[in-house]
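*Asks:* Next comes coords-v5.cif, mmCIF, C-alpha atoms, pLDDT in the B column; chains and numbers go by the auth columns:
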```
data_run
loop_
_atom_site.group_PDB
_atom_site.id
_atom_site.type_symbol
_atom_site.label_atom_id
_atom_site.label_comp_id
_atom_site.label_asym_id
_atom_site.label_seq_id
_atom_site.Cartn_x
_atom_site.Cartn_y
_atom_site.Cartn_z
_atom_site.B_iso_or_equiv
_atom_site.auth_seq_id
_atom_site.auth_asym_id
ATOM 1 C CA SER A 1 -23.676 -8.414 -14.893 51.00 56 A
ATOM 2 C CA GLN A 2 -23.910 -5.317 -12.671 52.00 57 A
ATOM 3 C CA PRO A 3 -20.921 -3.567 -14.198 58.00 58 A
ATOM 4 C CA SER A 4 -21.428 -0.228 -12.530 63.00 59 A
ATOM 5 C CA THR A 5 -21.542 -1.143 -8.823 67.00 60 A
ATOM 6 C CA ASN A 6 -18.556 -0.488 -6.601 67.00 61 A
ATOM 7 C CA THR A 7 -19.407 -3.156 -4.046 64.00 62 A
ATOM 8 C CA VAL A 8 -17.866 -6.606 -3.848 59.00 63 A
ATOM 9 C CA GLU A 9 -20.732 -9.067 -3.970 80.00 64 A
ATOM 10 C CA GLU A 10 -18.904 -11.990 -5.445 89.00 65 A
ATOM 11 C CA PRO A 11 -15.179 -12.699 -5.538 92.00 66 A
ATOM 12 C CA LEU A 12 -14.827 -11.810 -9.230 93.00 67 A
ATOM 13 C CA ASP A 13 -16.030 -8.297 -8.346 88.00 68 A
ATOM 14 C CA LEU A 14 -12.684 -7.841 -6.592 85.00 69 A
ATOM 15 C CA ILE A 15 -10.993 -8.493 -9.914 92.00 70 A
ATOM 16 C CA ARG A 16 -13.387 -6.206 -11.781 92.00 71 A
ATOM 17 C CA LEU A 17 -12.599 -3.348 -9.405 90.00 72 A
ATOM 18 C CA SER A 18 -8.909 -3.848 -10.183 93.00 73 A
ATOM 19 C CA LEU A 19 -9.258 -3.253 -13.937 95.00 74 A
ATOM 20 C CA ASP A 20 -6.654 -0.789 -15.133 96.00 75 A
ATOM 21 C CA GLU A 21 -4.913 -0.978 -11.767 95.00 76 A
ATOM 22 C CA ARG A 22 -1.611 -2.604 -11.033 96.00 77 A
ATOM 23 C CA ILE A 23 -2.132 -5.987 -9.386 96.00 78 A
ATOM 24 C CA TYR A 24 -0.077 -8.732 -7.854 95.00 79 A
ATOM 25 C CA VAL A 25 -0.688 -12.310 -9.035 96.00 80 A
ATOM 26 C CA LYS A 26 0.672 -15.411 -7.340 95.00 81 A
ATOM 27 C CA MET A 27 0.908 -18.342 -9.745 96.00 82 A
ATOM 28 C CA ARG A 28 1.649 -22.031 -9.345 94.00 83 A
ATOM 29 C CA ASN A 29 5.261 -23.141 -9.639 93.00 84 A
ATOM 30 C CA ASP A 30 6.593 -20.305 -7.470 94.00 85 A
ATOM 31 C CA ARG A 31 5.927 -17.532 -9.942 97.00 86 A
ATOM 32 C CA GLU A 32 4.709 -14.036 -9.205 96.00 87 A
ATOM 33 C CA LEU A 33 3.540 -11.320 -11.550 97.00 88 A
ATOM 34 C CA ARG A 34 3.125 -7.596 -11.024 96.00 89 A
ATOM 35 C CA GLY A 35 1.425 -5.725 -13.813 97.00 90 A
ATOM 36 C CA ARG A 36 -1.494 -3.619 -14.973 98.00 91 A
ATOM 37 C CA LEU A 37 -4.740 -5.525 -15.443 98.00 92 A
ATOM 38 C CA HIS A 38 -6.212 -4.805 -18.859 98.00 93 A
ATOM 39 C CA ALA A 39 -8.701 -7.668 -19.133 98.00 94 A
ATOM 40 C CA TYR A 40 -9.869 -10.824 -17.421 97.00 95 A
ATOM 41 C CA ASP A 41 -12.546 -13.498 -17.685 96.00 96 A
ATOM 42 C CA GLN A 42 -14.282 -15.968 -15.371 94.00 97 A
ATOM 43 C CA HIS A 43 -11.436 -18.468 -15.809 95.00 98 A
ATOM 44 C CA LEU A 44 -9.000 -15.823 -14.512 96.00 99 A
ATOM 45 C CA ASN A 45 -7.357 -15.666 -17.919 98.00 100 A
ATOM 46 C CA MET A 46 -5.859 -12.166 -17.851 98.00 101 A
ATOM 47 C CA ILE A 47 -4.127 -9.647 -20.042 98.00 102 A
ATOM 48 C CA LEU A 48 -1.444 -7.851 -18.057 98.00 103 A
ATOM 49 C CA GLY A 49 0.636 -4.950 -19.276 98.00 104 A
ATOM 50 C CA ASP A 50 4.039 -3.704 -18.175 98.00 105 A
ATOM 51 C CA VAL A 51 4.678 -6.894 -16.226 98.00 106 A
ATOM 52 C CA GLU A 52 7.463 -7.946 -13.919 97.00 107 A
ATOM 53 C CA GLU A 53 7.635 -11.727 -13.498 98.00 108 A
ATOM 54 C CA THR A 54 9.529 -13.210 -10.548 97.00 109 A
ATOM 55 C CA VAL A 55 10.432 -16.902 -10.546 97.00 110 A
ATOM 56 C CA THR A 56 11.722 -18.274 -7.234 95.00 111 A
ATOM 57 C CA THR A 57 13.762 -21.458 -7.038 93.00 112 A
ATOM 58 C CA VAL A 58 15.274 -23.338 -4.113 90.00 113 A
ATOM 59 C CA GLU A 59 18.521 -25.201 -4.374 91.00 114 A
ATOM 60 C CA ILE A 60 19.556 -27.522 -1.577 92.00 115 A
ATOM 61 C CA ASP A 61 23.258 -27.930 -0.887 90.00 116 A
ATOM 62 C CA GLU A 62 23.947 -31.654 -0.870 90.00 117 A
ATOM 63 C CA GLU A 63 26.420 -31.467 1.997 92.00 118 A
ATOM 64 C CA THR A 64 25.087 -28.772 4.316 92.00 119 A
ATOM 65 C CA TYR A 65 21.405 -29.161 3.335 90.00 120 A
ATOM 66 C CA GLU A 66 21.211 -25.380 3.265 92.00 121 A
ATOM 67 C CA GLU A 67 18.341 -23.935 1.271 90.00 122 A
ATOM 68 C CA LEU A 68 19.489 -21.384 -1.257 91.00 123 A
ATOM 69 C CA TYR A 69 16.632 -19.244 -2.568 91.00 124 A
ATOM 70 C CA LYS A 70 17.086 -17.567 -5.940 94.00 125 A
ATOM 71 C CA SER A 71 14.796 -15.078 -7.665 94.00 126 A
ATOM 72 C CA THR A 72 14.868 -14.463 -11.392 96.00 127 A
ATOM 73 C CA LYS A 73 13.015 -11.457 -12.739 97.00 128 A
ATOM 74 C CA ARG A 74 12.096 -10.436 -16.242 97.00 129 A
ATOM 75 C CA ASN A 75 10.016 -7.650 -17.745 98.00 130 A
ATOM 76 C CA ILE A 76 7.285 -8.322 -20.298 98.00 131 A
ATOM 77 C CA PRO A 77 5.422 -5.446 -22.007 98.00 132 A
ATOM 78 C CA MET A 78 2.168 -7.358 -22.642 98.00 133 A
ATOM 79 C CA LEU A 79 1.253 -10.804 -21.349 98.00 134 A
ATOM 80 C CA PHE A 80 -1.621 -13.273 -21.627 98.00 135 A
ATOM 81 C CA VAL A 81 -1.955 -15.262 -18.415 98.00 136 A
ATOM 82 C CA ARG A 82 -3.824 -18.574 -18.585 97.00 137 A
ATOM 83 C CA GLY A 83 -6.199 -18.710 -15.660 97.00 138 A
ATOM 84 C CA ASP A 84 -5.584 -22.268 -14.530 94.00 139 A
ATOM 85 C CA GLY A 85 -2.183 -21.319 -13.140 95.00 140 A
ATOM 86 C CA VAL A 86 -3.498 -18.514 -10.950 96.00 141 A
ATOM 87 C CA VAL A 87 -3.496 -19.003 -7.178 95.00 142 A
ATOM 88 C CA LEU A 88 -4.074 -15.499 -5.756 95.00 143 A
ATOM 89 C CA VAL A 89 -4.790 -12.004 -7.061 96.00 144 A
ATOM 90 C CA ALA A 90 -4.378 -8.868 -4.950 93.00 145 A
ATOM 91 C CA PRO A 91 -3.857 -5.136 -5.339 83.00 146 A
ATOM 92 C CA PRO A 92 -0.155 -4.599 -4.680 66.00 147 A
ATOM 93 C CA LEU A 93 -0.726 -2.488 -1.565 62.00 148 A
ATOM 94 C CA ARG A 94 1.250 -4.767 0.698 44.00 149 A
ATOM 95 C CA VAL A 95 2.681 -4.101 4.128 42.00 150 A
ATOM 96 C CA GLY A 96 5.594 -6.239 5.308 39.00 151 A
ATOM 97 C CA MET B 1 -24.232 -21.688 15.684 55.00 57 B
ATOM 98 C CA SER B 2 -25.442 -25.274 15.406 56.00 58 B
ATOM 99 C CA MET B 3 -23.106 -27.683 13.708 59.00 59 B
ATOM 100 C CA ARG B 4 -25.669 -30.444 13.306 66.00 60 B
ATOM 101 C CA LYS B 5 -26.970 -31.619 9.954 74.00 61 B
ATOM 102 C CA GLN B 6 -25.546 -28.761 7.956 75.00 62 B
ATOM 103 C CA THR B 7 -24.812 -29.008 4.319 81.00 63 B
ATOM 104 C CA PRO B 8 -21.508 -27.597 3.149 76.00 64 B
ATOM 105 C CA SER B 9 -23.311 -24.758 1.364 75.00 65 B
ATOM 106 C CA ASP B 10 -25.101 -23.783 4.604 79.00 66 B
ATOM 107 C CA PHE B 11 -21.687 -23.597 6.262 76.00 67 B
ATOM 108 C CA LEU B 12 -20.389 -21.385 3.478 76.00 68 B
ATOM 109 C CA LYS B 13 -23.294 -18.968 3.838 79.00 69 B
ATOM 110 C CA GLN B 14 -22.856 -18.731 7.606 83.00 70 B
ATOM 111 C CA ILE B 15 -19.166 -17.929 7.626 84.00 71 B
ATOM 112 C CA ILE B 16 -19.299 -14.814 5.458 89.00 72 B
ATOM 113 C CA GLY B 17 -17.923 -11.921 7.501 91.00 73 B
ATOM 114 C CA ARG B 18 -16.149 -14.238 9.953 90.00 74 B
ATOM 115 C CA PRO B 19 -12.410 -14.619 10.476 91.00 75 B
ATOM 116 C CA VAL B 20 -11.174 -17.704 8.682 90.00 76 B
ATOM 117 C CA VAL B 21 -8.033 -19.580 7.768 91.00 77 B
ATOM 118 C CA VAL B 22 -7.899 -20.792 4.183 90.00 78 B
ATOM 119 C CA LYS B 23 -5.331 -23.547 3.918 90.00 79 B
ATOM 120 C CA LEU B 24 -4.047 -24.422 0.474 90.00 80 B
ATOM 121 C CA ASN B 25 -2.703 -27.920 -0.044 85.00 81 B
ATOM 122 C CA SER B 26 0.467 -26.279 -1.318 86.00 82 B
ATOM 123 C CA GLY B 27 1.270 -25.487 2.323 87.00 83 B
ATOM 124 C CA VAL B 28 0.345 -21.798 2.417 91.00 84 B
ATOM 125 C CA ASP B 29 -2.256 -20.413 4.850 91.00 85 B
ATOM 126 C CA TYR B 30 -4.264 -17.260 4.407 92.00 86 B
ATOM 127 C CA ARG B 31 -5.869 -15.672 7.480 92.00 87 B
ATOM 128 C CA GLY B 32 -8.419 -12.919 7.146 93.00 88 B
ATOM 129 C CA VAL B 33 -12.084 -12.008 7.124 92.00 89 B
ATOM 130 C CA LEU B 34 -14.154 -13.851 4.547 91.00 90 B
ATOM 131 C CA ALA B 35 -15.752 -11.231 2.298 92.00 91 B
ATOM 132 C CA CYS B 36 -17.537 -13.548 -0.132 91.00 92 B
ATOM 133 C CA LEU B 37 -17.286 -16.704 -2.144 88.00 93 B
ATOM 134 C CA ASP B 38 -18.999 -18.199 -5.172 88.00 94 B
ATOM 135 C CA GLY B 39 -20.090 -21.562 -6.537 84.00 95 B
ATOM 136 C CA TYR B 40 -16.612 -22.321 -7.842 87.00 96 B
ATOM 137 C CA MET B 41 -15.132 -21.783 -4.358 87.00 97 B
ATOM 138 C CA ASN B 42 -13.402 -18.631 -5.527 92.00 98 B
ATOM 139 C CA ILE B 43 -12.840 -16.670 -2.304 92.00 99 B
ATOM 140 C CA ALA B 44 -12.434 -12.988 -1.515 92.00 100 B
ATOM 141 C CA ILE B 45 -10.708 -12.267 1.809 92.00 101 B
ATOM 142 C CA GLU B 46 -10.093 -8.931 3.524 92.00 102 B
ATOM 143 C CA GLN B 47 -7.159 -8.026 5.796 91.00 103 B
ATOM 144 C CA THR B 48 -5.334 -11.112 4.629 91.00 104 B
ATOM 145 C CA GLU B 49 -2.133 -12.439 6.123 91.00 105 B
ATOM 146 C CA GLU B 50 -0.143 -15.075 4.277 92.00 106 B
ATOM 147 C CA TYR B 51 1.694 -17.691 6.356 91.00 107 B
ATOM 148 C CA VAL B 52 4.254 -20.058 4.861 89.00 108 B
ATOM 149 C CA ASN B 53 5.459 -22.811 7.230 84.00 109 B
ATOM 150 C CA GLY B 54 3.880 -20.925 10.105 82.00 110 B
ATOM 151 C CA GLN B 55 5.760 -17.713 9.318 83.00 111 B
ATOM 152 C CA LEU B 56 4.033 -14.496 8.304 82.00 112 B
ATOM 153 C CA LYS B 57 5.246 -13.695 4.830 84.00 113 B
ATOM 154 C CA ASN B 58 2.878 -11.092 3.383 82.00 114 B
ATOM 155 C CA LYS B 59 -0.169 -9.021 4.119 80.00 115 B
ATOM 156 C CA TYR B 60 -2.835 -8.051 1.595 79.00 116 B
ATOM 157 C CA GLY B 61 -5.684 -5.598 2.041 87.00 117 B
ATOM 158 C CA ASP B 62 -7.851 -7.716 -0.235 89.00 118 B
ATOM 159 C CA ALA B 63 -7.086 -11.058 -1.785 93.00 119 B
ATOM 160 C CA PHE B 64 -8.838 -13.217 -4.350 94.00 120 B
ATOM 161 C CA LEU B 65 -8.144 -16.952 -4.147 93.00 121 B
ATOM 162 C CA ARG B 66 -8.987 -19.068 -7.184 93.00 122 B
ATOM 163 C CA GLY B 67 -11.394 -21.826 -6.311 90.00 123 B
ATOM 164 C CA ASN B 68 -9.751 -24.692 -8.158 88.00 124 B
ATOM 165 C CA ASN B 69 -6.795 -24.787 -5.791 85.00 125 B
ATOM 166 C CA GLU B 70 -7.226 -27.605 -3.291 73.00 126 B
ATOM 167 C CA LEU B 71 -8.151 -25.794 -0.150 79.00 127 B
ATOM 168 C CA THR B 72 -9.724 -26.100 3.283 81.00 128 B
ATOM 169 C CA ILE B 73 -11.631 -23.282 4.948 77.00 129 B
ATOM 170 C CA LEU B 74 -11.356 -23.217 8.737 76.00 130 B
ATOM 171 C CA LEU B 75 -13.641 -21.071 10.835 72.00 131 B
ATOM 172 C CA ILE B 76 -11.525 -19.840 13.729 74.00 132 B
ATOM 173 C CA GLY B 77 -12.689 -18.844 17.197 61.00 133 B
ATOM 174 C CA THR B 78 -15.706 -21.115 17.698 49.00 134 B
ATOM 175 C CA PHE B 79 -14.006 -23.676 19.959 43.00 135 B
ATOM 176 C CA GLN B 80 -12.113 -21.421 22.356 39.00 136 B
ATOM 177 C CA ARG B 81 -14.734 -21.867 25.065 40.00 137 B
ATOM 178 C CA HIS B 82 -13.703 -25.471 25.614 39.00 138 B
ATOM 179 C CA ARG B 83 -9.985 -24.901 25.889 41.00 139 B
ATOM 180 C CA ASN B 84 -9.775 -24.160 29.647 48.00 140 B
ATOM 181 C CA GLU B 85 -12.406 -26.559 30.915 46.00 141 B
ATOM 182 C CA SER B 86 -11.635 -29.395 33.401 48.00 142 B
#
```
So that I can check it, write out the structure of this file as structure tokens.
*Replies:*
Amino acid sequence: SQPSTNTVEEPLDLIRLSLDERIYVKMRNDRELRGRLHAYDQHLNMILGDVEETVTTVEIDEETYEELYKSTKRNIPMLFVRGDGVVLVAPPLRVG
Amino acid sequence: MSMRKQTPSDFLKQIIGRPVVVKLNSGVDYRGVLACLDGYMNIAIEQTEEYVNGQLKNKYGDAFLRGNNELTILLIGTFQRHRNES
């Protein structure tokens, strides 16, 4: 409802205003996505295009207990994201 | 702002536009101004800062937090008056 307003009246409006824009999505299990939002629904199921997925893992050295962070990236041309894994969605205009 | 006999939904209406901390049970905090929320506890925050283990990790101009994540919303700034008393 109200598809033509540019104001954010409910949180899903923020997502609606991001259609066709590149967005950043933080998922459960230390995954992040950056891609172009083509479609979404109220469950936060999304279709993202031209996606870069980053998976971050931590290994702990058994002797020194150092935390070793690793990031694995892959590119996916078109992706269906199931909404129940979504934690945060933001336009990728990030500082710091 | 009276804190007596308020229902949770009254609280949620009153805090729109206020600075808040949204704590996820995963250990991440988001500080910003609460723009709006809905019946599923989906939250839109402006000028958001993301803190992991107390360290500032990211900043977002706008952020949407999905309501199903276990979260606590803290209204910050209301209790500062009492800090320096006695």
*Asks:* For the PyMOL selection byres ((chain A and resi 117-131) around 10), applied here, can you spell out every residue it catches as a PyMOL selection string?
*Replies:* chain A and resi 85-90+103-116+132-134
*Asks:* Written as a list of chain:residue names, what is the full residue list that the PyMOL selection byres ((chain B) within 6 of (chain A)) yields on the file shown?
*Replies:* B:Cys92, B:Leu93, B:Ile99, B:Ala100, B:Asn114, B:Lys115, B:Tyr116, B:Asp118, B:Ala119, B:Phe120, B:Leu121, B:Arg122
*Asks:* Taking into account all atoms listed in the file, which residue in the set B:Glu126, B:Val76, B:Gln70, B:Ser65 is nearest to Thr104 (chain B)?
*Replies:*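 Distance minimum relative to Thr104 (chain B) lands on B:Val76.
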*Asks:* With the PyMOL selection byres ((chain B and resi 85) around 12) as the selection, what would be picked from this file? Answer as a PyMOL selection string, please.
*Replies:* (chain A and resi 143) or (chain B and resi 76-84+86-88+104-115+121+126-130)
*Asks:* Please dump the current selection as a short mmCIF file (atom, residue, chain, number, x, y, z; two decimals), in the coordinates of the input; keep C-alpha atoms.
*Replies:*
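Output saved as out21.cif:
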```cif
data_model
loop_
_atom_site.label_atom_id
_atom_site.label_comp_id
_atom_site.auth_asym_id
_atom_site.auth_seq_id
_atom_site.Cartn_x
_atom_site.Cartn_y
_atom_site.Cartn_z
CA LEU A 143 -4.07 -15.50 -5.76
CA VAL B 76 -11.17 -17.70 8.68
CA VAL B 77 -8.03 -19.58 7.77
CA VAL B 78 -7.90 -20.79 4.18
CA LYS B 79 -5.33 -23.55 3.92
CA LEU B 80 -4.05 -24.42 0.47
CA ASN B 81 -2.70 -27.92 -0.04
CA SER B 82 0.47 -26.28 -1.32
CA GLY B 83 1.27 -25.49 2.32
CA VAL B 84 0.34 -21.80 2.42
CA TYR B 86 -4.26 -17.26 4.41
CA ARG B 87 -5.87 -15.67 7.48
CA GLY B 88 -8.42 -12.92 7.15
CA THR B 104 -5.33 -11.11 4.63
CA GLU B 105 -2.13 -12.44 6.12
CA GLU B 106 -0.14 -15.08 4.28
CA TYR B 107 1.69 -17.69 6.36
CA VAL B 108 4.25 -20.06 4.86
CA ASN B 109 5.46 -22.81 7.23
CA GLY B 110 3.88 -20.92 10.10
CA GLN B 111 5.76 -17.71 9.32
CA LEU B 112 4.03 -14.50 8.30
CA LYS B 113 5.25 -13.70 4.83
CA ASN B 114 2.88 -11.09 3.38
CA LYS B 115 -0.17 -9.02 4.12
CA LEU B 121 -8.14 -16.95 -4.15
CA GLU B 126 -7.23 -27.60 -3.29
CA LEU B 127 -8.15 -25.79 -0.15
CA THR B 128 -9.72 -26.10 3.28
CA ILE B 129 -11.63 -23.28 4.95
CA LEU B 130 -11.36 -23.22 8.74
#
```
*Asks:* To one decimal in Å, tell me the separation between CA of Gln62 (chain B) and CA of Gln103 (chain B).
*Replies:*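 Going from CA of Gln62 (chain B) over to CA of Gln103 (chain B), I get 27.8 Å.
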